[in-house]
$ cat structure.txt   # compact mmCIF, C-alpha atoms and all ligand atoms
# COMPACT_ATOMS: atom_id res chain seq x y z
CA MET A 1 0.00 0.00 0.00
CA SER A 2 1.40 3.33 -1.03
CA VAL A 3 0.60 6.39 1.05
CA LYS A 4 0.17 9.95 -0.25
CA THR A 5 0.80 13.02 1.85
CA LEU A 6 -1.15 16.19 1.16
CA THR A 7 -2.99 19.04 2.87
CA ILE A 8 -6.72 19.69 3.10
CA ASP A 9 -7.60 23.24 4.20
CA GLY A 10 -4.06 23.63 5.48
CA VAL A 11 -4.10 20.46 7.61
CA PRO A 12 -1.48 17.86 6.63
CA ILE A 13 -2.80 14.32 6.13
CA ALA A 14 -1.45 10.95 4.98
CA ILE A 15 -3.83 8.66 3.10
CA GLU A 16 -3.83 5.53 0.96
CA GLU A 17 -3.19 5.91 -2.77
CA GLY A 18 -6.38 5.58 -4.81
CA THR A 19 -8.56 7.35 -2.23
CA THR A 20 -10.72 10.11 -3.66
CA VAL A 21 -10.39 13.67 -2.39
CA LEU A 22 -13.96 13.37 -1.06
CA GLU A 23 -13.17 10.22 0.94
CA ALA A 24 -9.93 11.78 2.21
CA ALA A 25 -11.81 14.87 3.36
CA ARG A 26 -14.57 12.86 5.04
CA GLN A 27 -12.11 10.56 6.79
CA ASN A 28 -10.49 13.67 8.21
CA GLY A 29 -13.69 15.31 9.37
CA VAL A 30 -13.93 17.86 6.53
CA HIS A 31 -17.42 18.31 5.09
CA ILE A 32 -17.78 18.79 1.32
CA PRO A 33 -21.36 19.12 -0.02
CA THR A 34 -22.48 16.43 -2.50
CA LEU A 35 -25.63 15.47 -4.37
CA CYS A 36 -24.88 12.79 -6.96
CA HIS A 37 -22.52 10.89 -4.64
CA LEU A 38 -24.03 7.98 -2.68
CA GLU A 39 -22.07 5.52 -0.54
CA GLY A 40 -22.12 2.06 -2.10
CA ILE A 41 -22.38 3.01 -5.77
CA SER A 42 -19.89 4.37 -8.30
CA ASP A 43 -19.17 8.09 -8.67
CA VAL A 44 -19.85 9.92 -11.92
CA GLY A 45 -19.18 13.58 -11.09
CA ALA A 46 -22.60 14.71 -12.34
CA CYS A 47 -23.70 17.46 -9.96
CA ARG A 48 -20.41 19.37 -9.40
CA LEU A 49 -21.39 20.41 -5.88
CA CYS A 50 -18.25 18.78 -4.51
CA LEU A 51 -15.90 21.08 -6.46
CA VAL A 52 -12.64 21.92 -4.67
CA GLU A 53 -9.59 24.05 -5.45
CA ILE A 54 -6.30 22.23 -5.94
CA ASN A 55 -3.00 24.11 -6.13
CA GLY A 56 -1.49 24.02 -9.60
CA SER A 57 -4.81 23.21 -11.30
CA PRO A 58 -6.42 26.11 -13.17
CA LYS A 59 -9.82 24.34 -13.01
CA LEU A 60 -11.98 23.48 -10.03
CA GLN A 61 -12.03 19.69 -9.56
CA PRO A 62 -14.91 17.43 -8.45
CA ALA A 63 -13.72 15.82 -5.19
CA CYS A 64 -15.75 12.62 -5.70
CA VAL A 65 -13.92 11.59 -8.89
CA THR A 66 -10.47 13.06 -8.21
CA GLU A 67 -7.88 10.81 -6.59
CA VAL A 68 -5.41 12.12 -4.05
CA ALA A 69 -1.84 12.75 -5.25
CA GLU A 70 1.43 13.42 -3.48
CA GLY A 71 1.83 17.03 -2.36
CA MET A 72 -1.72 18.11 -3.22
CA ASN A 73 -2.85 21.29 -1.50
CA ILE A 74 -6.66 21.20 -1.46
CA ARG A 75 -9.06 23.93 -0.39
CA THR A 76 -12.65 22.91 0.17
CA ASN A 77 -14.49 26.02 1.30
CA THR A 78 -13.19 29.23 -0.30
CA GLU A 79 -15.42 32.16 -1.23
CA THR A 80 -15.21 31.15 -4.91
CA LEU A 81 -16.41 27.63 -4.07
CA GLN A 82 -19.23 28.92 -1.87
CA ASP A 83 -20.33 31.18 -4.70
CA TYR A 84 -20.26 28.38 -7.31
CA ARG A 85 -22.11 25.99 -5.02
CA ARG A 86 -24.89 28.47 -4.41
CA THR A 87 -25.19 29.08 -8.16
CA ILE A 88 -25.35 25.32 -8.85
CA VAL A 89 -28.19 24.91 -6.34
CA GLU A 90 -30.01 27.90 -7.84
CA LEU A 91 -29.63 26.38 -11.31
CA LEU A 92 -31.17 23.13 -10.09
CA PHE A 93 -34.15 24.92 -8.58
CA ALA A 94 -34.63 27.14 -11.65
CA GLU A 95 -34.37 24.17 -14.01
CA GLY A 96 -37.18 22.04 -12.53
CA ASN A 97 -40.44 22.66 -10.71
CA HIS A 98 -39.62 22.54 -7.03
CA VAL A 99 -42.67 23.53 -5.04
CA CYS A 100 -41.52 22.20 -1.68
CA ALA A 101 -44.75 22.99 0.17
CA VAL A 102 -46.61 20.29 -1.78
CA CYS A 103 -43.78 17.75 -2.13
CA VAL A 104 -43.59 14.26 -0.59
CA ALA A 105 -39.93 14.93 0.28
CA ASN A 106 -40.43 18.29 1.99
CA GLY A 107 -38.26 18.20 5.11
CA HIS A 108 -36.49 15.02 3.98
CA CYS A 109 -34.88 16.31 0.78
CA GLU A 110 -31.17 16.59 0.03
CA LEU A 111 -31.74 19.43 -2.45
CA GLN A 112 -33.64 21.39 0.15
CA ASP A 113 -30.87 20.68 2.71
CA LEU A 114 -28.30 21.95 0.21
CA ALA A 115 -30.27 25.14 -0.40
CA ILE A 116 -30.20 25.79 3.33
CA GLU A 117 -26.51 24.91 3.55
CA VAL A 118 -25.43 27.27 0.75
CA GLY A 119 -27.66 30.07 2.02
CA MET A 120 -30.05 30.15 -0.92
CA ASP A 121 -33.33 31.90 -0.12
CA HIS A 122 -34.30 32.65 -3.74
CA SER A 123 -32.95 32.01 -7.23
CA ARG A 124 -31.16 34.85 -9.01
CA LEU A 125 -31.87 32.98 -12.26
CA PRO A 126 -35.22 32.97 -14.08
CA TYR A 127 -37.31 29.84 -13.41
CA ARG A 128 -37.95 27.76 -16.53
CA PHE A 129 -41.21 26.16 -15.37
CA PRO A 130 -40.89 23.19 -17.76
CA GLU A 131 -43.89 20.98 -18.49
CA ARG A 132 -42.92 17.51 -17.30
CA GLU A 133 -44.85 14.31 -16.75
CA ILE A 134 -45.53 12.15 -13.72
CA ASP A 135 -45.53 8.38 -14.22
CA VAL A 136 -47.59 6.43 -11.68
CA SER A 137 -48.02 3.30 -13.81
CA HIS A 138 -45.99 1.18 -11.34
CA ASP A 139 -48.04 -0.66 -8.69
CA ARG A 140 -46.04 0.66 -5.74
CA PHE A 141 -43.94 3.62 -6.88
CA GLY A 142 -44.10 6.77 -8.98
CA ILE A 143 -41.73 9.25 -10.63
CA ASP A 144 -42.34 12.96 -10.86
CA HIS A 145 -39.91 14.31 -13.46
CA ASN A 146 -40.54 17.86 -12.22
CA ARG A 147 -38.41 17.08 -9.16
CA CYS A 148 -35.65 15.07 -10.84
CA VAL A 149 -32.20 16.69 -10.62
CA LEU A 150 -30.57 14.14 -12.98
CA CYS A 151 -28.12 12.88 -10.39
CA THR A 152 -28.47 9.35 -11.90
CA ARG A 153 -28.38 7.70 -8.49
CA CYS A 154 -31.45 5.64 -9.50
CA VAL A 155 -29.70 4.53 -12.70
CA ARG A 156 -26.57 3.43 -10.86
CA VAL A 157 -28.24 1.76 -7.91
CA CYS A 158 -30.56 -0.30 -10.12
CA ASP A 159 -27.68 -1.36 -12.37
CA GLU A 160 -24.89 -1.84 -9.82
CA ILE A 161 -26.72 -3.13 -6.74
CA GLU A 162 -29.98 -4.66 -7.94
CA GLY A 163 -28.59 -5.73 -11.32
CA ALA A 164 -31.90 -5.01 -13.06
CA HIS A 165 -30.87 -1.93 -15.10
CA VAL A 166 -34.40 -0.60 -15.37
CA TRP A 167 -33.28 3.05 -15.40
CA ASP A 168 -31.30 4.97 -17.99
CA VAL A 169 -30.76 8.51 -19.25
CA ALA A 170 -32.33 9.55 -22.56
CA TYR A 171 -32.27 12.60 -24.84
CA ARG A 172 -29.87 15.55 -24.63
CA GLY A 173 -29.57 19.09 -23.27
CA ALA A 174 -32.75 20.53 -21.81
CA ALA A 175 -34.70 17.43 -22.93
CA LEU A 176 -32.48 15.08 -20.89
CA LYS A 177 -34.48 12.78 -18.60
CA VAL A 178 -34.28 9.48 -16.80
CA VAL A 179 -36.35 6.73 -18.40
CA THR A 180 -37.50 3.25 -17.41
CA GLY A 181 -37.06 0.35 -19.82
CA LEU A 182 -36.85 1.69 -23.36
CA ASN A 183 -38.75 4.82 -22.36
CA GLN A 184 -41.80 2.73 -21.42
CA PRO A 185 -44.18 3.43 -18.56
CA TRP A 186 -42.44 2.12 -15.41
CA GLY A 187 -45.28 -0.31 -14.71
CA ALA A 188 -44.75 -1.96 -18.10
CA VAL A 189 -41.06 -2.77 -17.50
CA ASP A 190 -40.75 -6.50 -16.71
CA ALA A 191 -37.14 -6.10 -15.51
CA CYS A 192 -38.27 -4.09 -12.45
CA THR A 193 -38.20 -6.28 -9.34
CA SER A 194 -40.04 -3.66 -7.20
CA CYS A 195 -37.11 -3.77 -4.76
CA GLY A 196 -37.40 -0.04 -4.01
CA LYS A 197 -33.64 0.63 -4.09
CA CYS A 198 -34.15 3.55 -6.49
CA VAL A 199 -36.72 4.97 -4.08
CA ASP A 200 -34.20 4.93 -1.25
CA ALA A 201 -31.45 6.34 -3.49
CA CYS A 202 -33.32 9.35 -4.89
CA PRO A 203 -32.23 12.54 -3.09
CA THR A 204 -35.42 14.51 -3.85
CA GLY A 205 -39.14 13.84 -4.12
CA ALA A 206 -38.78 12.63 -7.73
CA ILE A 207 -39.13 8.90 -7.03
CA PHE A 208 -41.68 8.16 -4.33
CA ARG A 209 -43.76 5.41 -2.76
CA LYS A 210 -47.39 5.60 -3.70
CA GLY A 211 -49.56 6.67 -0.83
CA SER A 212 -46.87 8.90 0.72
CA THR A 213 -48.40 12.21 1.66
CA VAL A 214 -46.79 15.66 1.58
CA ALA A 215 -43.59 15.87 3.70
CA GLU A 216 -43.84 12.19 4.65
CA MET A 217 -41.23 10.59 2.40
CA GLU A 218 -38.21 9.40 4.40
CA ARG A 219 -35.42 7.33 2.82
CA ASP A 220 -33.26 4.59 4.23
CA ARG A 221 -29.93 5.74 2.76
CA ASP A 222 -27.87 3.32 4.86
CA ARG A 223 -29.69 0.36 3.31
CA LEU A 224 -27.65 0.55 0.10
CA GLU A 225 -24.29 0.80 1.83
CA PHE A 226 -25.40 -2.07 4.10
CA ILE A 227 -26.22 -4.30 1.11
CA VAL A 228 -22.85 -3.61 -0.52
CA ASN A 229 -20.91 -4.35 2.68
CA ALA A 230 -23.05 -7.39 3.50
CA ARG A 231 -22.40 -8.95 0.10
CA LYS A 232 -18.67 -8.39 0.51
CA ASP A 233 -18.42 -9.57 4.12
CA HIS A 234 -21.30 -12.13 4.10
CA GLN A 235 -22.78 -10.40 7.14
CA TRP A 236 -26.53 -9.85 6.80
CA THR A 237 -27.51 -8.32 10.12
CA ARG A 238 -27.73 -4.67 11.08
S1 LIG B 301 -37.73 17.64 -4.30
FE1 LIG B 301 -36.93 18.81 -2.55
S2 LIG B 301 -36.46 20.80 -3.40
FE2 LIG B 301 -37.82 19.77 -4.86
S3 LIG B 301 -39.88 20.37 -4.27
FE3 LIG B 301 -39.44 18.50 -3.18
S4 LIG B 301 -38.66 19.17 -1.18
FE4 LIG B 301 -38.53 20.91 -2.57
S1 LIG B 302 -35.14 10.26 -10.31
FE1 LIG B 302 -34.13 10.84 -8.38
S2 LIG B 302 -32.34 9.46 -8.29
FE2 LIG B 302 -33.07 9.41 -10.39
S3 LIG B 302 -31.86 10.96 -11.46
FE3 LIG B 302 -33.76 11.96 -10.79
S4 LIG B 302 -33.28 12.86 -8.81
FE4 LIG B 302 -31.66 11.39 -9.25
S1 LIG B 303 -20.88 14.69 -5.62
FE1 LIG B 303 -19.13 15.07 -6.83
S2 LIG B 303 -19.94 15.79 -8.69
FE2 LIG B 303 -21.73 15.26 -7.51

$ encode --input "structure.txt" --output "structure tokens"
Amino acid sequence: MSVKTLTIDGVPIAIEEGTTVLEAARQNGVHIPTLCHLEGISDVGACRLCLVEINGSPKLQPACVTEVAEGMNIRTNTETLQDYRRTIVELLFAEGNHVCAVCVANGHCELQDLAIEVGMDHSRLPYRFPEREIDVSHDRFGIDHNRCVLCTRCVRVCDEIEGAHVWDVAYRGAALKVVTGLNQPWGAVDACTSCGKCVDACPTGAIFRKGSTVAEMERDRDRLEFIVNARKDHQWTR
């Protein structure tokens, strides 16, 4: 095992080669905001909330997909980063239709938590108010595309943990959306095992259990990490 030495926010640390900057920060008690990252599944660097500054790099780097290197000097919470993070959250709110007061995830939503964390009380960008559909064709679950932030957690969890690969991303640009099957109604997709892992993975109110009322939707985030560890260690109790 090779060890890398570096600094995070001025504090020197030593950490195993191959660790991501995000893991290194978390292991050393440094909080970096994330949205598309979820313990137990792969990282794709989709949301860019975890951007950090690294000495010698002219670009901001996503901490979740950047590996530590010898001598790195990382800053995780500069004014520039705070400003970018707030803008990213504003973009997400302006891009969809987030009416928290009538959302199943109100009070249990990672996007809402991020808005509070970055100090966003309104969007400085014009809201797009797109017209998007809601699919409630599945017996037990539904998806409201108005609240999807395209983090692709559902896509990755269904593929990597459940192995069903029901979810995918279709179209481009502003038309980009997650789809089930070959863009079929969710209820018509035979591959879906109704395991609910996508429901637990979704950070917002986009994927929900039918019958959940406003502000009621809580997720079991640890379930996915538990499954991954249990498969590896053959330990199925928690
Ligand atoms: S998904 Fe989150 S941010 Fe969007 S409306 Fe629901 S509670 Fe608000
Ligand atoms: S449905 Fe939920 S988990 Fe899937 S991409 Fe949208 S916000 Fe992410
Ligand atoms: S958490 Fe790193 S890009 Fe989303």

$ residues_near_ligand --input "structure.txt" --ligand "ligand LIG 303 (chain B)" --cutoff "7 Å" --atoms "all atoms listed in the file" --output "number ranges by chain"
A: 34-37, 44-51, 62-65

$ closest_residue --input "structure.txt" --among "A:Cys198, A:Ile161, A:Cys103, A:Met120" --to "ligand LIG 301 (chain B)" --atoms "all atoms listed in the file"
A:Cys103

$ closest_residue --input "structure.txt" --among "A:Tyr127, A:Leu224, A:Thr237, A:Ala25" --to "A:Val99" --atoms "all atoms listed in the file"
A:Tyr127

$ residues_near_ligand --input "structure.txt" --ligand "ligand LIG 301 (chain B)" --cutoff "8 Å" --atoms "only C-alpha atoms and all ligand atoms" --output "ChimeraX atom specification"
/A:93,97-112,147-148,203-206,215

$ residues_around --input "structure.txt" --residues "A:Asn183" --least-positions-apart "6" --cutoff "10 Å" --atoms "only C-alpha atoms" --output "list in words"
Val166, Trp167, Asp168, Val169, Ala170, Lys177 and Val189 of chain A

$ atom_distance --input "structure.txt" --atom1 "atom CA of A:Asp222" --atom2 "atom CA of A:Val21"
21.6 Å

$ build_atoms --input "structure.txt" --residues "stretch 225-236 of chain A" --atoms "all heavy atoms" --output "mmCIF file, in the coordinates of the input"
data_model
loop_
_atom_site.group_PDB
_atom_site.id
_atom_site.type_symbol
_atom_site.label_atom_id
_atom_site.label_comp_id
_atom_site.auth_asym_id
_atom_site.auth_seq_id
_atom_site.Cartn_x
_atom_site.Cartn_y
_atom_site.Cartn_z
ATOM 1 N N GLU A 225 -25.656 1.044 1.369
ATOM 2 C CA GLU A 225 -24.290 0.800 1.830
ATOM 3 C C GLU A 225 -24.252 -0.539 2.581
ATOM 4 O O GLU A 225 -23.313 -1.315 2.443
ATOM 5 C CB GLU A 225 -23.873 1.942 2.755
ATOM 6 C CG GLU A 225 -22.378 2.050 2.927
ATOM 7 C CD GLU A 225 -22.011 3.160 3.902
ATOM 8 O OE1 GLU A 225 -22.900 3.935 4.299
ATOM 9 O OE2 GLU A 225 -20.838 3.211 4.263
ATOM 10 N N PHE A 226 -25.327 -0.802 3.354
ATOM 11 C CA PHE A 226 -25.400 -2.070 4.100
ATOM 12 C C PHE A 226 -25.380 -3.250 3.132
ATOM 13 O O PHE A 226 -24.653 -4.225 3.344
ATOM 14 C CB PHE A 226 -26.689 -2.104 4.940
ATOM 15 C CG PHE A 226 -27.033 -3.479 5.432
ATOM 16 C CD1 PHE A 226 -26.321 -4.054 6.468
ATOM 17 C CD2 PHE A 226 -28.050 -4.214 4.823
ATOM 18 C CE1 PHE A 226 -26.623 -5.341 6.897
ATOM 19 C CE2 PHE A 226 -28.353 -5.494 5.242
ATOM 20 C CZ PHE A 226 -27.634 -6.059 6.295
ATOM 21 N N ILE A 227 -26.155 -3.180 2.059
ATOM 22 C CA ILE A 227 -26.220 -4.300 1.110
ATOM 23 C C ILE A 227 -24.844 -4.556 0.487
ATOM 24 O O ILE A 227 -24.388 -5.688 0.379
ATOM 25 C CB ILE A 227 -27.274 -4.028 0.013
ATOM 26 C CG1 ILE A 227 -28.673 -4.028 0.623
ATOM 27 C CG2 ILE A 227 -27.191 -5.067 -1.107
ATOM 28 C CD1 ILE A 227 -29.761 -3.520 -0.306
ATOM 29 N N VAL A 228 -24.171 -3.465 0.106
ATOM 30 C CA VAL A 228 -22.850 -3.610 -0.520
ATOM 31 C C VAL A 228 -21.872 -4.271 0.448
ATOM 32 O O VAL A 228 -21.180 -5.232 0.108
ATOM 33 C CB VAL A 228 -22.309 -2.221 -0.955
ATOM 34 C CG1 VAL A 228 -20.880 -2.320 -1.426
ATOM 35 C CG2 VAL A 228 -23.186 -1.647 -2.050
ATOM 36 N N ASN A 229 -21.832 -3.791 1.684
ATOM 37 C CA ASN A 229 -20.910 -4.350 2.680
ATOM 38 C C ASN A 229 -21.294 -5.783 3.026
ATOM 39 O O ASN A 229 -20.425 -6.641 3.201
ATOM 40 C CB ASN A 229 -20.899 -3.497 3.949
ATOM 41 C CG ASN A 229 -20.276 -2.151 3.673
ATOM 42 O OD1 ASN A 229 -19.467 -2.016 2.762
ATOM 43 N ND2 ASN A 229 -20.659 -1.147 4.441
ATOM 44 N N ALA A 230 -22.600 -6.052 3.126
ATOM 45 C CA ALA A 230 -23.050 -7.390 3.500
ATOM 46 C C ALA A 230 -22.674 -8.418 2.434
ATOM 47 O O ALA A 230 -22.242 -9.527 2.743
ATOM 48 C CB ALA A 230 -24.565 -7.383 3.706
ATOM 49 N N ARG A 231 -22.786 -8.023 1.182
ATOM 50 C CA ARG A 231 -22.400 -8.950 0.100
ATOM 51 C C ARG A 231 -20.914 -9.264 0.168
ATOM 52 O O ARG A 231 -20.489 -10.384 -0.055
ATOM 53 C CB ARG A 231 -22.716 -8.321 -1.259
ATOM 54 C CG ARG A 231 -24.171 -8.420 -1.613
ATOM 55 C CD ARG A 231 -24.427 -7.853 -2.985
ATOM 56 N NE ARG A 231 -25.850 -7.849 -3.262
ATOM 57 C CZ ARG A 231 -26.403 -7.124 -4.215
ATOM 58 N NH1 ARG A 231 -25.661 -6.342 -4.982
ATOM 59 N NH2 ARG A 231 -27.690 -7.175 -4.415
ATOM 60 N N LYS A 232 -20.132 -8.225 0.471
ATOM 61 C CA LYS A 232 -18.670 -8.390 0.510
ATOM 62 C C LYS A 232 -18.258 -9.231 1.717
ATOM 63 O O LYS A 232 -17.456 -10.148 1.597
ATOM 64 C CB LYS A 232 -18.045 -6.987 0.600
ATOM 65 C CG LYS A 232 -16.626 -6.917 0.093
ATOM 66 C CD LYS A 232 -16.176 -5.476 -0.126
ATOM 67 C CE LYS A 232 -16.326 -4.700 1.158
ATOM 68 N NZ LYS A 232 -16.297 -3.314 1.163
ATOM 69 N N ASP A 233 -18.872 -8.938 2.869
ATOM 70 C CA ASP A 233 -18.420 -9.570 4.120
ATOM 71 C C ASP A 233 -19.279 -10.768 4.527
ATOM 72 O O ASP A 233 -19.002 -11.402 5.550
ATOM 73 C CB ASP A 233 -18.470 -8.545 5.270
ATOM 74 C CG ASP A 233 -17.672 -7.296 4.939
ATOM 75 O OD1 ASP A 233 -16.748 -7.408 4.120
ATOM 76 O OD2 ASP A 233 -17.993 -6.227 5.488
ATOM 77 N N HIS A 234 -20.356 -11.057 3.766
ATOM 78 C CA HIS A 234 -21.300 -12.130 4.100
ATOM 79 C C HIS A 234 -21.875 -11.963 5.499
ATOM 80 O O HIS A 234 -21.989 -12.904 6.268
ATOM 81 C CB HIS A 234 -20.631 -13.511 3.945
ATOM 82 C CG HIS A 234 -20.084 -13.727 2.570
ATOM 83 N ND1 HIS A 234 -20.878 -13.943 1.472
ATOM 84 C CD2 HIS A 234 -18.812 -13.712 2.110
ATOM 85 C CE1 HIS A 234 -20.122 -14.050 0.388
ATOM 86 N NE2 HIS A 234 -18.863 -13.910 0.748
ATOM 87 N N GLN A 235 -22.179 -10.727 5.842
ATOM 88 C CA GLN A 235 -22.780 -10.400 7.140
ATOM 89 C C GLN A 235 -24.114 -9.720 6.844
ATOM 90 O O GLN A 235 -24.127 -8.624 6.308
ATOM 91 C CB GLN A 235 -21.895 -9.401 7.893
ATOM 92 C CG GLN A 235 -20.560 -9.950 8.288
ATOM 93 C CD GLN A 235 -20.554 -10.389 9.740
ATOM 94 O OE1 GLN A 235 -21.551 -10.214 10.431
ATOM 95 N NE2 GLN A 235 -19.471 -10.981 10.176
ATOM 96 N N TRP A 236 -25.222 -10.377 7.203
ATOM 97 C CA TRP A 236 -26.530 -9.850 6.800
ATOM 98 C C TRP A 236 -27.364 -9.353 7.967
ATOM 99 O O TRP A 236 -28.579 -9.432 7.933
ATOM 100 C CB TRP A 236 -27.275 -10.911 5.995
ATOM 101 C CG TRP A 236 -26.642 -11.094 4.668
ATOM 102 C CD1 TRP A 236 -25.717 -12.031 4.312
ATOM 103 C CD2 TRP A 236 -26.829 -10.284 3.502
ATOM 104 N NE1 TRP A 236 -25.325 -11.856 3.014
ATOM 105 C CE2 TRP A 236 -25.993 -10.798 2.491
ATOM 106 C CE3 TRP A 236 -27.620 -9.159 3.217
ATOM 107 C CZ2 TRP A 236 -25.927 -10.232 1.222
ATOM 108 C CZ3 TRP A 236 -27.557 -8.608 1.942
ATOM 109 C CH2 TRP A 236 -26.727 -9.146 0.969
#
